[in-house]
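For reference, the structure discussed in these notes is given below.
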Amino acid sequence: MTDHFTPANLDLAHEIIDRYPVKRSAMIPLLHLAQEQDGWVTEDAMRQIAELVGVTPAEVLGTCSFYEMFKRRPVGRFLINICGTLSCQLMGAGELIHHAERKLGITSGDTTPDGLFTLAVAECQAACTEAPCLQVNYRHRYRVTPEDFDILVDELRSEADRGEGPDPGNPDAGGVPRHGVLSLSRQHIPAERAAGPSSPTSDQGPPAWMPPPDAEEQK
Amino acid sequence: MSDQPEKRSDDGVNITIDGRQFTARKGELLIAAAERAGTYIPHFCYHSRMSPVGMCRMCLVEVDSGRGPGLQPSCMVPVSEGMVVDTESETTKRAQEGILELLLINHPLDCPVCDKGGECPLQDQAVAYGPGESRFVEEKRHYEKPIPVSDLVNLDRERCILCDRCTRFAREVAGDPLISFTERGNRTQVQTFPDDPFSSYFSGNTVQICPVGALTASPYRFRARPWDLDQVESTCTTCAVGCRTAVQSSGDQIVRRLGVDIDPVNHGWLCDRGRFDYESARSPERVTSPLMRGGADSEPVEATWPAAMAAAASALRDAIEAHGASSVAVLGGARLTNEDAYAWAKLARGVIGTDNVDCQLADGLSAEMLLTLPRATIDETCSADTIITLGVDPKEELPVLYLRLRHAVVEDKVAMVEFSPVETSLSPHCLSVRHLPGALAESVAEYLATDGGSAGSGSVVVVVGRGSLAGSGGDVEAAVARIREALPHATFLPALRRGNVMGALQMGLSPGILPGARALSSLDPPGGDPSGSDPTTPIEPGLDAAGILNAAAAGRIAVLILLGADPLADVPDRDLAERALAGSGTVVAIDTHLTASARRAHIVLPAAGPGEKSGTTTNLEGRVSRLGPKVTPPGTARPDWMIAAELADRLGTDLGFADSRQIWAEISAEVPMFSDCPVDRIESPEAQDGILCVPGDEGGLQWDPPADVASPPVDAYALRLVSSRRLYDRATMTANSPSLAGLADESRVRLNPRELDRLGIVEGDRLALVSPRKRIIAAVSADDRIPRGVVSMAFNAPGPAASELIELGALVTEVRVETL
Ligand code: SF4
Ligand code: SF4
Ligand code: FES
Ligand code: FES
């Protein structure tokens with residue numbers, strides 16, 4: 001048995017698995033959970049996910065590596081994706097990328113030695129009207145000038161220095177959550193609304209959340 | 001739709017392929033229907049034994065289902081009434097050219113150094129359907145040339161066309177999804193998880209079905225070119241499933257075995273053991289000339305055939321004269337062809353005059369039971385309403401049967417109930433009933449009295465084998481008796497492992513049973529020989545393997561003939577096997593390899609092995625199929641029947657046949673069970689699927705089920721031993737095949753993790769196991785498939801031998817565990 005998730009996350013993992021009629025369906029949510037815990041998806045995490053959902057590690061790797069946003073190598077606390085697609089290019093993305101590389105002292109694709117920033121050039125982020133744009137841990141920043149970039153980096157750095165920044169346990173803390181944190185609010189499905197572990201192929205009845213037909217009439 | 005009901009027939013779907021009418025089956029895929037209609041549609045990813053995925057698009061054809069023609073992948077489209085298909089239209093051709101140009105964009109075209117060259121679907125189809133040139137001038141993808149994905153299989157990712165055949169096979173057919181597509185996108189590739197190799201028992205199949213040279217097998221890599229290969233069809237005799245194979249040779253050496261798709265048995269698949277154990281033919285341990293040993297301690301030295309045969313014959317004559325024919329015993333025979341087995345049965349009973357013959361080494365089940373139970377075929381098993389398995393783990397013992405059963409249970413949702421003391425490969429897919437070793441019959445009885453009653457309504461097939469060798473087969477036999485009482489309509493599939501064990505049984509290599517499953521006692525007049533050659537046939541049934549071994553240990557066997565038998569490895573009582581070999585007057589071993597037991601023999605005669613002899617074999621269903629001789633046996637090795645005939649000759653009797661064909665002619669003439677199976681039928685194309693030959697009840701053979709024995713009470717200070725065979729073990733051919741030998745795990749003591757905690761030991765620690773027989777020391781492994789109170793140790797695995805602990809005939813083997 002691989003032992004990679006923290007006890008709290010392991011509990012959460014079981015809760016997530018219980019949401020699905022087929023365990024295997026929990027694979028992607030658990031990959032997110034692993035990335036949230038470690039900032040990236042480690043081999044051990046994939047192994048444990050395989051055990052938890054009853055597949056082989058190779059199958060978890062297959063799914064995980066399908067998605068570019070699951071990182072299988074360590075990334076910094078802040079992943080900065082600068083859009084390099086057409087609209088942004090026309091509006092100065094090239095210069096911005098160049099500036100970012102000089103500011104952080106790394107080439108795109110790399111991580112700063114202090115482990116704070118990973119810089120990457122990304123495809124269109126669907127904000128072409130606000131070009132050039134970037135994302136910090138998938139949070140948009142619009143019409144970014146080199147000066148804006150410097151301010152952004154300095155802010156993030158001091159946020160990290162102060163040890164601040166939001167975490168899932170404290171949604172009010174503001175700032176940019178660590179890489180891997182998908183959302184600051186946790187979804188919990190109350191037991192009476194959970195579909196439970198019935199098989200989708202054998203269960204031909206109405207969905208579990210649908211009130212039984214006679215319940216309507218009785219009202 | 002309902003306005004044209006007259007067009008529909010109940011049993012077929014009318015379609016038009018390239019202007020010709022064809023009646024397809026309902027639900028059939030277009031590509032399969034076209035194939036049956038004689039129209040080949042080029043394809044890469046489609047495989048008739050796996051679900052279609054539409055990955056490669058090579059099978060695009062123009063299909064008009066009433067809304068005008070359009071390109072559709074014929075492997076994904078089921079036929080529909082009135083469908084009009086054009087596989088040769090301009091549009092179809094353009095599509096095919098386009099797809100091939102696309103597939104070749106990243107293909108390295110290193111055909112001159114590729115194993116697949118000459119038999120490569122990509123090569124062939126590029127020539128037949130390709131555009132002839134490419135517009136792609138950019139740099140191709142590059143990867144490290146082949147990377148091993150397992151000990152047996154190498155992957156060259158540059159050549160892969162991403163057809164999903166290997167990964168689909170691993171997932172769907174083998175149930176070992178250890179390879180997967182990774183890095184989706186421009187760099188999509190097949191990969192294993194790091195440090196988690198594709199160690200499937202079935203990995204070799206992926207090499208066979210890969211439509212390019214991306215997957216190659218280490219044992220065959222760079223050994224031959226397809227156009228240099230010579231091929232004959234045969235049947236695998238490594239286990240009793242009897243998979244159909246193509247045996248290929250180059251320069252009088254077998255270099256490859258491929259699976260041949262026959263419906264009733266293997267569907268084209270082989271297990272890796274059967275696929276690669278041809279390597280053993282050239283092992284240094286192969287016996288290539290007769291050997292003789294002077295004194296007890298001297299080494300065997302090469303001898304001539306005349307000298308060795310004269311010695312064997314005179315040992316036999318002396319034994320018969322001095323102690324009577326019953327002082328001669330013949331053990332083994334499951335390695336033999338049917339013809340070999342028949343010749344030996346005839347020699348033993350009709351010439352020597354002994355009935356002490358047994359093709360099982362006390363590691364099987366009652367021959368009377370196996371030959372009288374109503375038999376089921378593999379197909380009947382897989383389409384039964386309920387399958388019951390008793391004890392065996394088919395993945396370890398009969399791998400391709402496991403594939404068939406797994407498909408039945410997982411894909412076709414057949415209900416299965418398994419009785420096993422430990423978790424098996426099928427447990428996750430069925431209702432698995434655990435029982436204490438020795439309490440199978442009780443467990444089955446209890447089940448039948450409760451839930452099992454419901455199984456009574458539909459068809460029931462029982463897969464019956466000898467799961468654990470640490471307890472007697474009587475428990476299994478009692479369980480069978482219980483099932484027969486409760487479910488009289490149940491039929492049975494014998495799941496014994498050794499290659500031609502069923503053939504040997506049906507040819508009379510068990511005591512009291514004449515060829516064709518006839519009781520010795522049914523002979524009229526008593527003692528008259530079944531084949532009419534000699535009246536020496538004994539009247540009283542002789543000894544079975546256990547009896548022979550005990551008699552030998554007591555010094556009552558003057559000549560012990562080992563027919564491809566290795567009692568030291570296979571008898572579930574090492575101590576008895578040792579004593580039996582030591583106590584026999586003269587031991588004659590007839591074998592392909594110098595096994596541990598053959599090393600102790602006084603005379604060793606070299607036998608021809610698989611691929612080296614003609615004849616027939618019988619699989620566990622009773623399916624008789626023809627073997628293809630491909631290469632000449634090494635040295636002076638010869639078929640076992642020939643050795644029998646010559647021994648008979650030296651004893652003054654002519655067995656009456658000069659080749660294996662004549663033996664079959666005699667079998668079909670003399671043995672009623674085979675009367676409708678004459679030589680020309682056995683040699684006809686019909687026999688490709690094998691011909692079912694199952695005994696009826698006219699032979700007067702009867703099985704008396706053992707009286708129920710209560711399983712002994714649990715000894716709280718001991719654990720009960722379970723010892724089963726695994727696929728890779730020290731079996732002669734496996735151990736002598738370099739590619740497979742290393743795959744056999746060192747034998748370990750397997751215990752439930754909580755048992756380890758209780759003993760205060762951890763994985764890898766060494767333990768002593770103490771049984772009344774012996775004390776052995778082995779490393780321990782935690783295994784949660786083993787229940788508490790049970791200790792498991794593989795049988796005949798390298799390392800400490802479980803058979804040292806076992807006492808033949810004991811109902812259970814209790815062992816005490818001592819920490820060191
Ligand atoms: S390795 Fe061969 S079988 Fe597997 S996906 Fe690639 S081409 Fe297909
Ligand atoms: S399952 Fe048995 S018969 Fe089939 S290939 Fe394997 S060893 Fe040979
Ligand atoms: S091009 Fe940059 S957001 Fe669309
Ligand atoms: S064979 Fe139809 S898509 Fe590959």
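Numbering starts fresh at 1 for the residues of each chain in the structure tokens, the chains themselves are lettered A, B, ... in the order given, and ligands are numbered from 1 as they appear.
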
Chain B residues near chain A within 9 Å, closest pair each, using only C-alpha atoms, as a Markdown table:
| residue | atom | partner | partner_atom | distance |
| --- | --- | --- | --- | --- |
| B:Asp176 | CA | A:Thr56 | CA | 8.2 |
| B:Pro177 | CA | A:Thr56 | CA | 6.5 |
| B:Leu178 | CA | A:Ala58 | CA | 5.4 |
| B:Ile179 | CA | A:Ala58 | CA | 5.9 |
| B:Ser180 | CA | A:Gly62 | CA | 5.6 |
| B:Phe181 | CA | A:Gly62 | CA | 5.4 |
| B:Thr182 | CA | A:Gly62 | CA | 4.5 |
| B:Glu183 | CA | A:Ser65 | CA | 4.8 |
| B:Arg184 | CA | A:Phe66 | CA | 4.7 |
| B:Gly185 | CA | A:Phe66 | CA | 7.7 |
| B:Thr188 | CA | A:Phe66 | CA | 8.7 |
| B:Val190 | CA | A:Gly62 | CA | 8.9 |
| B:Gln191 | CA | A:Ala58 | CA | 7.5 |
| B:Thr192 | CA | A:Ala58 | CA | 5.5 |
| B:Phe193 | CA | A:Ala58 | CA | 4.6 |
| B:Pro194 | CA | A:Glu43 | CA | 8.2 |
| B:Asp196 | CA | A:Ala58 | CA | 8.0 |

Nearby residues, ligand 4, 12 Å, only C-alpha atoms and all ligand atoms, as an MDAnalysis selection string = chainID B and resid 29:32 40:48 50:61 71:78 95:96 99:100 103 121 161:165 211

When you draw a straight line from atom CA of B:Arg766 to atom CA of B:Pro800, how long is it in Å?
->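 If I compute the distance from atom CA of B:Arg766 to atom CA of B:Pro800, I get 11.6 Å.
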
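Pocket residues of ligand 3, taken as those with any atom at most 10 Å away using only C-alpha atoms and all ligand atoms, are Ile82, Cys83, Gly84, Thr85, Leu86, Ser87, Cys88, Gln89, Leu90, Met91, Ala93, Ala122, Glu123, Cys124, Gln125, Ala126, Ala127, Cys128, Thr129, Glu130, Ala131, Pro132, Cys133, Leu134, Gln135, His140 and Tyr142 of chain A.
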
Quick one: write out the picked residues with C-alpha atoms as an mmCIF file, in the first residue's frame?
data_model
loop_
_atom_site.group_PDB
_atom_site.id
_atom_site.type_symbol
_atom_site.label_atom_id
_atom_site.label_comp_id
_atom_site.auth_asym_id
_atom_site.auth_seq_id
_atom_site.Cartn_x
_atom_site.Cartn_y
_atom_site.Cartn_z
ATOM 1 C CA ILE A 82 2.030 33.970 -20.695
ATOM 2 C CA CYS A 83 -0.216 33.710 -23.705
ATOM 3 C CA GLY A 84 1.785 33.358 -26.881
ATOM 4 C CA THR A 85 -1.035 33.053 -29.372
ATOM 5 C CA LEU A 86 -1.909 35.467 -32.160
ATOM 6 C CA SER A 87 -3.823 38.345 -30.528
ATOM 7 C CA CYS A 88 -1.443 38.546 -27.628
ATOM 8 C CA GLN A 89 1.555 38.281 -29.933
ATOM 9 C CA LEU A 90 0.205 41.244 -31.901
ATOM 10 C CA MET A 91 -0.221 43.204 -28.703
ATOM 11 C CA ALA A 93 3.414 39.172 -25.868
ATOM 12 C CA ALA A 122 0.835 29.016 -23.255
ATOM 13 C CA GLU A 123 -1.789 28.902 -25.962
ATOM 14 C CA CYS A 124 -4.751 31.241 -26.206
ATOM 15 C CA GLN A 125 -6.380 31.840 -22.846
ATOM 16 C CA ALA A 126 -9.683 33.028 -24.276
ATOM 17 C CA ALA A 127 -9.083 36.612 -23.291
ATOM 18 C CA CYS A 128 -7.963 37.917 -26.664
ATOM 19 C CA THR A 129 -9.743 41.244 -26.199
ATOM 20 C CA GLU A 130 -7.555 41.868 -23.158
ATOM 21 C CA ALA A 131 -4.267 41.056 -24.874
ATOM 22 C CA PRO A 132 -1.543 40.595 -23.930
ATOM 23 C CA CYS A 133 -2.577 38.469 -21.029
ATOM 24 C CA LEU A 134 -1.190 35.901 -18.666
ATOM 25 C CA GLN A 135 -2.334 33.624 -15.909
ATOM 26 C CA HIS A 140 -6.103 35.848 -15.380
ATOM 27 C CA TYR A 142 -5.216 41.378 -18.427
#

Given only C-alpha atoms as the counted atoms, nearest of B:Ile643, B:Ala490, B:Ala246, B:Leu594 to B:Thr386 =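 Once distances to B:Thr386 are computed over only C-alpha atoms, the minimum belongs to B:Ala490.
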
Just list as a PDB file with all heavy atoms, in the first residue's frame whatever in stretch 197-273 of chain B DSSP marks as helix (DSSP H, G or I).
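Writing the result to result-v1.pdb gives the following:
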ATOM      1  N   GLY B 204       3.325 -11.830 -25.088  1.00  0.00           N
ATOM      2  CA  GLY B 204       3.751 -12.173 -26.432  1.00  0.00           C
ATOM      3  C   GLY B 204       2.673 -11.947 -27.485  1.00  0.00           C
ATOM      4  O   GLY B 204       2.978 -11.705 -28.656  1.00  0.00           O
ATOM      5  N   ASN B 205       1.417 -12.005 -27.071  1.00  0.00           N
ATOM      6  CA  ASN B 205       0.340 -11.774 -28.041  1.00  0.00           C
ATOM      7  C   ASN B 205       0.404 -10.372 -28.621  1.00  0.00           C
ATOM      8  O   ASN B 205       0.019 -10.164 -29.768  1.00  0.00           O
ATOM      9  CB  ASN B 205      -1.022 -11.987 -27.379  1.00  0.00           C
ATOM     10  CG  ASN B 205      -1.240 -13.432 -27.004  1.00  0.00           C
ATOM     11  OD1 ASN B 205      -1.287 -14.294 -27.866  1.00  0.00           O
ATOM     12  ND2 ASN B 205      -1.319 -13.711 -25.717  1.00  0.00           N
ATOM     13  N   THR B 206       0.847  -9.413 -27.831  1.00  0.00           N
ATOM     14  CA  THR B 206       0.882  -8.040 -28.341  1.00  0.00           C
ATOM     15  C   THR B 206       1.883  -7.942 -29.482  1.00  0.00           C
ATOM     16  O   THR B 206       1.672  -7.191 -30.426  1.00  0.00           O
ATOM     17  CB  THR B 206       1.248  -7.030 -27.236  1.00  0.00           C
ATOM     18  OG1 THR B 206       2.563  -7.316 -26.748  1.00  0.00           O
ATOM     19  CG2 THR B 206       0.258  -7.073 -26.089  1.00  0.00           C
ATOM     20  N   VAL B 207       2.964  -8.716 -29.388  1.00  0.00           N
ATOM     21  CA  VAL B 207       3.947  -8.711 -30.465  1.00  0.00           C
ATOM     22  C   VAL B 207       3.311  -9.272 -31.737  1.00  0.00           C
ATOM     23  O   VAL B 207       3.494  -8.737 -32.831  1.00  0.00           O
ATOM     24  CB  VAL B 207       5.184  -9.541 -30.071  1.00  0.00           C
ATOM     25  CG1 VAL B 207       6.159  -9.621 -31.219  1.00  0.00           C
ATOM     26  CG2 VAL B 207       5.836  -8.960 -28.828  1.00  0.00           C
ATOM     27  N   GLN B 208       2.539 -10.326 -31.548  1.00  0.00           N
ATOM     28  CA  GLN B 208       1.920 -10.939 -32.725  1.00  0.00           C
ATOM     29  C   GLN B 208       0.881 -10.027 -33.372  1.00  0.00           C
ATOM     30  O   GLN B 208       0.757  -9.997 -34.593  1.00  0.00           O
ATOM     31  CB  GLN B 208       1.273 -12.286 -32.339  1.00  0.00           C
ATOM     32  CG  GLN B 208       0.760 -13.032 -33.560  1.00  0.00           C
ATOM     33  CD  GLN B 208       0.220 -14.424 -33.232  1.00  0.00           C
ATOM     34  OE1 GLN B 208       0.524 -15.014 -32.195  1.00  0.00           O
ATOM     35  NE2 GLN B 208      -0.597 -14.951 -34.126  1.00  0.00           N
ATOM     36  N   ILE B 209       0.129  -9.272 -32.585  1.00  0.00           N
ATOM     37  CA  ILE B 209      -0.951  -8.472 -33.188  1.00  0.00           C
ATOM     38  C   ILE B 209      -0.533  -7.051 -33.526  1.00  0.00           C
ATOM     39  O   ILE B 209      -1.286  -6.339 -34.184  1.00  0.00           O
ATOM     40  CB  ILE B 209      -2.212  -8.436 -32.291  1.00  0.00           C
ATOM     41  CG1 ILE B 209      -1.894  -7.820 -30.930  1.00  0.00           C
ATOM     42  CG2 ILE B 209      -2.819  -9.816 -32.165  1.00  0.00           C
ATOM     43  CD1 ILE B 209      -3.133  -7.683 -30.046  1.00  0.00           C
ATOM     44  N   PRO B 226      11.048 -13.264 -42.189  1.00  0.00           N
ATOM     45  CA  PRO B 226       9.844 -14.040 -42.473  1.00  0.00           C
ATOM     46  C   PRO B 226       9.982 -14.923 -43.710  1.00  0.00           C
ATOM     47  O   PRO B 226       9.480 -16.040 -43.732  1.00  0.00           O
ATOM     48  CB  PRO B 226       8.778 -12.965 -42.697  1.00  0.00           C
ATOM     49  CG  PRO B 226       9.273 -11.775 -41.953  1.00  0.00           C
ATOM     50  CD  PRO B 226      10.767 -11.843 -41.979  1.00  0.00           C
ATOM     51  N   TRP B 227      10.670 -14.419 -44.727  1.00  0.00           N
ATOM     52  CA  TRP B 227      10.736 -15.220 -45.955  1.00  0.00           C
ATOM     53  C   TRP B 227      11.684 -16.410 -45.820  1.00  0.00           C
ATOM     54  O   TRP B 227      11.702 -17.281 -46.682  1.00  0.00           O
ATOM     55  CB  TRP B 227      11.118 -14.340 -47.150  1.00  0.00           C
ATOM     56  CG  TRP B 227      12.328 -13.479 -46.921  1.00  0.00           C
ATOM     57  CD1 TRP B 227      13.622 -13.834 -47.117  1.00  0.00           C
ATOM     58  CD2 TRP B 227      12.347 -12.135 -46.462  1.00  0.00           C
ATOM     59  NE1 TRP B 227      14.449 -12.796 -46.797  1.00  0.00           N
ATOM     60  CE2 TRP B 227      13.689 -11.730 -46.398  1.00  0.00           C
ATOM     61  CE3 TRP B 227      11.343 -11.222 -46.079  1.00  0.00           C
ATOM     62  CZ2 TRP B 227      14.084 -10.456 -45.973  1.00  0.00           C
ATOM     63  CZ3 TRP B 227      11.745  -9.947 -45.666  1.00  0.00           C
ATOM     64  CH2 TRP B 227      13.090  -9.580 -45.614  1.00  0.00           C
ATOM     65  N   ASP B 228      12.448 -16.465 -44.756  1.00  0.00           N
ATOM     66  CA  ASP B 228      13.301 -17.638 -44.538  1.00  0.00           C
ATOM     67  C   ASP B 228      12.602 -18.692 -43.689  1.00  0.00           C
ATOM     68  O   ASP B 228      13.162 -19.750 -43.422  1.00  0.00           O
ATOM     69  CB  ASP B 228      14.585 -17.237 -43.796  1.00  0.00           C
ATOM     70  CG  ASP B 228      15.490 -16.405 -44.680  1.00  0.00           C
ATOM     71  OD1 ASP B 228      15.405 -16.570 -45.905  1.00  0.00           O
ATOM     72  OD2 ASP B 228      16.257 -15.587 -44.135  1.00  0.00           O
ATOM     73  N   ASP B 272       2.652 -16.813 -22.716  1.00  0.00           N
ATOM     74  CA  ASP B 272       4.076 -16.643 -22.998  1.00  0.00           C
ATOM     75  C   ASP B 272       4.864 -17.933 -22.760  1.00  0.00           C
ATOM     76  O   ASP B 272       5.876 -18.190 -23.402  1.00  0.00           O
ATOM     77  CB  ASP B 272       4.664 -15.519 -22.130  1.00  0.00           C
ATOM     78  CG  ASP B 272       4.176 -14.154 -22.607  1.00  0.00           C
ATOM     79  OD1 ASP B 272       3.490 -14.102 -23.650  1.00  0.00           O
ATOM     80  OD2 ASP B 272       4.477 -13.149 -21.937  1.00  0.00           O
ATOM     81  N   ARG B 273       4.376 -18.729 -21.832  1.00  0.00           N
ATOM     82  CA  ARG B 273       5.079 -19.994 -21.566  1.00  0.00           C
ATOM     83  C   ARG B 273       4.988 -20.890 -22.795  1.00  0.00           C
ATOM     84  O   ARG B 273       5.993 -21.416 -23.268  1.00  0.00           O
ATOM     85  CB  ARG B 273       4.434 -20.656 -20.344  1.00  0.00           C
ATOM     86  CG  ARG B 273       5.064 -21.935 -19.930  1.00  0.00           C
ATOM     87  CD  ARG B 273       4.523 -22.331 -18.556  1.00  0.00           C
ATOM     88  NE  ARG B 273       5.043 -23.611 -18.153  1.00  0.00           N
ATOM     89  CZ  ARG B 273       4.289 -24.685 -17.922  1.00  0.00           C
ATOM     90  NH1 ARG B 273       2.982 -24.613 -18.044  1.00  0.00           N
ATOM     91  NH2 ARG B 273       4.838 -25.799 -17.540  1.00  0.00           N
TER      92      ARG B 273
END

May I have the residues within 6 Å of ligand 2, computed using only C-alpha atoms and all ligand atoms, as a ChimeraX atom specification?
-> /B:236-243,270-271,273-275,398-400

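The residue set within 10 Å of B:Gly764, counting only C-alpha atoms and dropping same-chain residues fewer than 4 places from it, reads Arg748, Val749, Ala778, Ala779, Val780, Ser781 and Ala782 of chain B.
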
Please identify all polymer residues within 8 Å of B:Met369, counting only C-alpha atoms, omitting same-chain residues fewer than 5 positions from it, and present them as a list in words.
-> Glu477, Gln702, Trp703, Asp704 and Pro705 of chain B

Please report, as a ChimeraX atom specification, each residue of stretch 467-585 of chain B to which DSSP assigns strand (DSSP E) when run on this structure's backbone.
-> /B:491-494,513-514,518-519,559-563

Pull N, CA, C and O atoms from the residues just selected and write them as a compact mmCIF listing (two decimals), in the first residue's frame.
# COMPACT_ATOMS: atom_id res chain seq x y z
N THR B 491 -22.24 -30.42 -15.98
CA THR B 491 -21.18 -31.07 -16.74
C THR B 491 -19.84 -30.54 -16.25
O THR B 491 -19.79 -29.55 -15.51
N PHE B 492 -18.76 -31.19 -16.69
CA PHE B 492 -17.47 -30.93 -16.05
C PHE B 492 -16.36 -30.68 -17.08
O PHE B 492 -16.28 -31.38 -18.09
N LEU B 493 -15.55 -29.71 -16.79
CA LEU B 493 -14.37 -29.46 -17.61
C LEU B 493 -13.15 -29.78 -16.75
O LEU B 493 -12.86 -29.07 -15.79
N PRO B 494 -12.43 -30.86 -17.08
CA PRO B 494 -11.27 -31.20 -16.25
C PRO B 494 -10.17 -30.16 -16.45
O PRO B 494 -9.83 -29.84 -17.58
N ILE B 513 -7.46 -49.17 -16.31
CA ILE B 513 -8.24 -48.56 -17.39
C ILE B 513 -7.53 -48.80 -18.73
O ILE B 513 -6.38 -48.41 -18.92
N LEU B 514 -8.25 -49.45 -19.63
CA LEU B 514 -7.69 -49.74 -20.94
C LEU B 514 -7.93 -48.56 -21.87
O LEU B 514 -8.74 -47.69 -21.58
N ARG B 518 -12.00 -47.89 -20.98
CA ARG B 518 -12.70 -49.13 -20.67
C ARG B 518 -12.08 -49.76 -19.43
O ARG B 518 -10.85 -49.77 -19.28
N ALA B 519 -12.94 -50.30 -18.60
CA ALA B 519 -12.43 -50.90 -17.36
C ALA B 519 -11.70 -52.20 -17.70
O ALA B 519 -12.16 -52.98 -18.52
N VAL B 559 11.86 -52.64 -11.80
CA VAL B 559 12.15 -51.69 -12.88
C VAL B 559 11.11 -50.58 -12.84
O VAL B 559 9.90 -50.84 -12.91
N LEU B 560 11.59 -49.35 -12.69
CA LEU B 560 10.70 -48.19 -12.70
C LEU B 560 10.99 -47.40 -13.96
O LEU B 560 12.13 -46.96 -14.18
N ILE B 561 9.98 -47.28 -14.79
CA ILE B 561 10.17 -46.53 -16.04
C ILE B 561 9.54 -45.15 -15.87
O ILE B 561 8.36 -45.03 -15.51
N LEU B 562 10.34 -44.13 -16.09
CA LEU B 562 9.82 -42.77 -15.99
C LEU B 562 9.61 -42.25 -17.41
O LEU B 562 10.56 -41.99 -18.14
N LEU B 563 8.37 -42.10 -17.78
CA LEU B 563 8.03 -41.65 -19.13
C LEU B 563 7.88 -40.14 -19.11
O LEU B 563 6.77 -39.63 -18.96

Identify, on the basis of only C-alpha atoms, every residue whose closest approach to A:Glu15 does not exceed 12 Å; exclude the query and any residue fewer than 6 positions from it along the same chain; express the result as a list of chain:residue names.
->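 Residues near the query, excluding close chain neighbours: A:Ala8, A:Asn9, A:Lys23, A:Ala26, A:Pro29, A:Leu30, A:Leu33, A:Leu52, A:Arg186, A:Gln187, A:His188, A:Ile189, A:Pro190, A:Ala191, A:Ala194, A:Gly196, A:Pro197.
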
Could you check how far atom CA of B:Ser443 sits from atom CA of B:Val791, in Å to one decimal?
->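 Atom-to-atom, atom CA of B:Ser443 and atom CA of B:Val791 are spaced 19.0 Å apart.
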
Option closest in space to A:His14, from A:Pro74, A:Ile49, A:Glu147, A:Arg193 [counting only C-alpha atoms] =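 Ranked by minimum distance to A:His14, first place goes to A:Ile49.
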
Quick one: of B:Lys26, B:Arg626, B:Arg171, B:Arg750, who's nearest to B:Leu767, counting only C-alpha atoms?
->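 For B:Leu767, the nearest of the given residues is B:Arg750.
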
Contacts of stretch 665-675 of chain B at 9 Å or less, counting only C-alpha atoms, minus same-chain residues fewer than 2 places along, as a VMD selection string?
-> chain B and resid 339 342 507 515 to 517 530 to 532 656 to 657 660 to 663 677 to 679 693 to 696 698 to 699

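The environment of A:Gly76 within 6 Å, counting only C-alpha atoms and disregarding residues fewer than 5 places along the same chain, consists of Thr111, Gly115, Leu116, Phe117 and Thr118 of chain A.
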
Those residues you just picked out, can you put them in a file as a PDB file, in the first residue's frame with N, CA, C and O atoms?
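This is the output file result.pdb:
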ATOM      1  N   THR A 111      11.996  26.895 -13.666  1.00  0.00           N
ATOM      2  CA  THR A 111      11.523  27.345 -12.359  1.00  0.00           C
ATOM      3  C   THR A 111      12.657  28.109 -11.680  1.00  0.00           C
ATOM      4  O   THR A 111      13.827  27.712 -11.795  1.00  0.00           O
ATOM      5  N   GLY A 115      12.235  28.255  -6.101  1.00  0.00           N
ATOM      6  CA  GLY A 115      11.014  27.446  -6.181  1.00  0.00           C
ATOM      7  C   GLY A 115       9.743  28.262  -6.185  1.00  0.00           C
ATOM      8  O   GLY A 115       8.659  27.713  -6.003  1.00  0.00           O
ATOM      9  N   LEU A 116       9.859  29.583  -6.396  1.00  0.00           N
ATOM     10  CA  LEU A 116       8.638  30.395  -6.348  1.00  0.00           C
ATOM     11  C   LEU A 116       7.915  30.445  -7.690  1.00  0.00           C
ATOM     12  O   LEU A 116       6.697  30.361  -7.739  1.00  0.00           O
ATOM     13  N   PHE A 117       8.690  30.636  -8.767  1.00  0.00           N
ATOM     14  CA  PHE A 117       8.029  30.878 -10.058  1.00  0.00           C
ATOM     15  C   PHE A 117       8.418  29.854 -11.110  1.00  0.00           C
ATOM     16  O   PHE A 117       9.591  29.499 -11.244  1.00  0.00           O
ATOM     17  N   THR A 118       7.408  29.425 -11.850  1.00  0.00           N
ATOM     18  CA  THR A 118       7.659  28.674 -13.075  1.00  0.00           C
ATOM     19  C   THR A 118       7.072  29.509 -14.203  1.00  0.00           C
ATOM     20  O   THR A 118       5.951  30.012 -14.089  1.00  0.00           O
TER      21      THR A 118
END
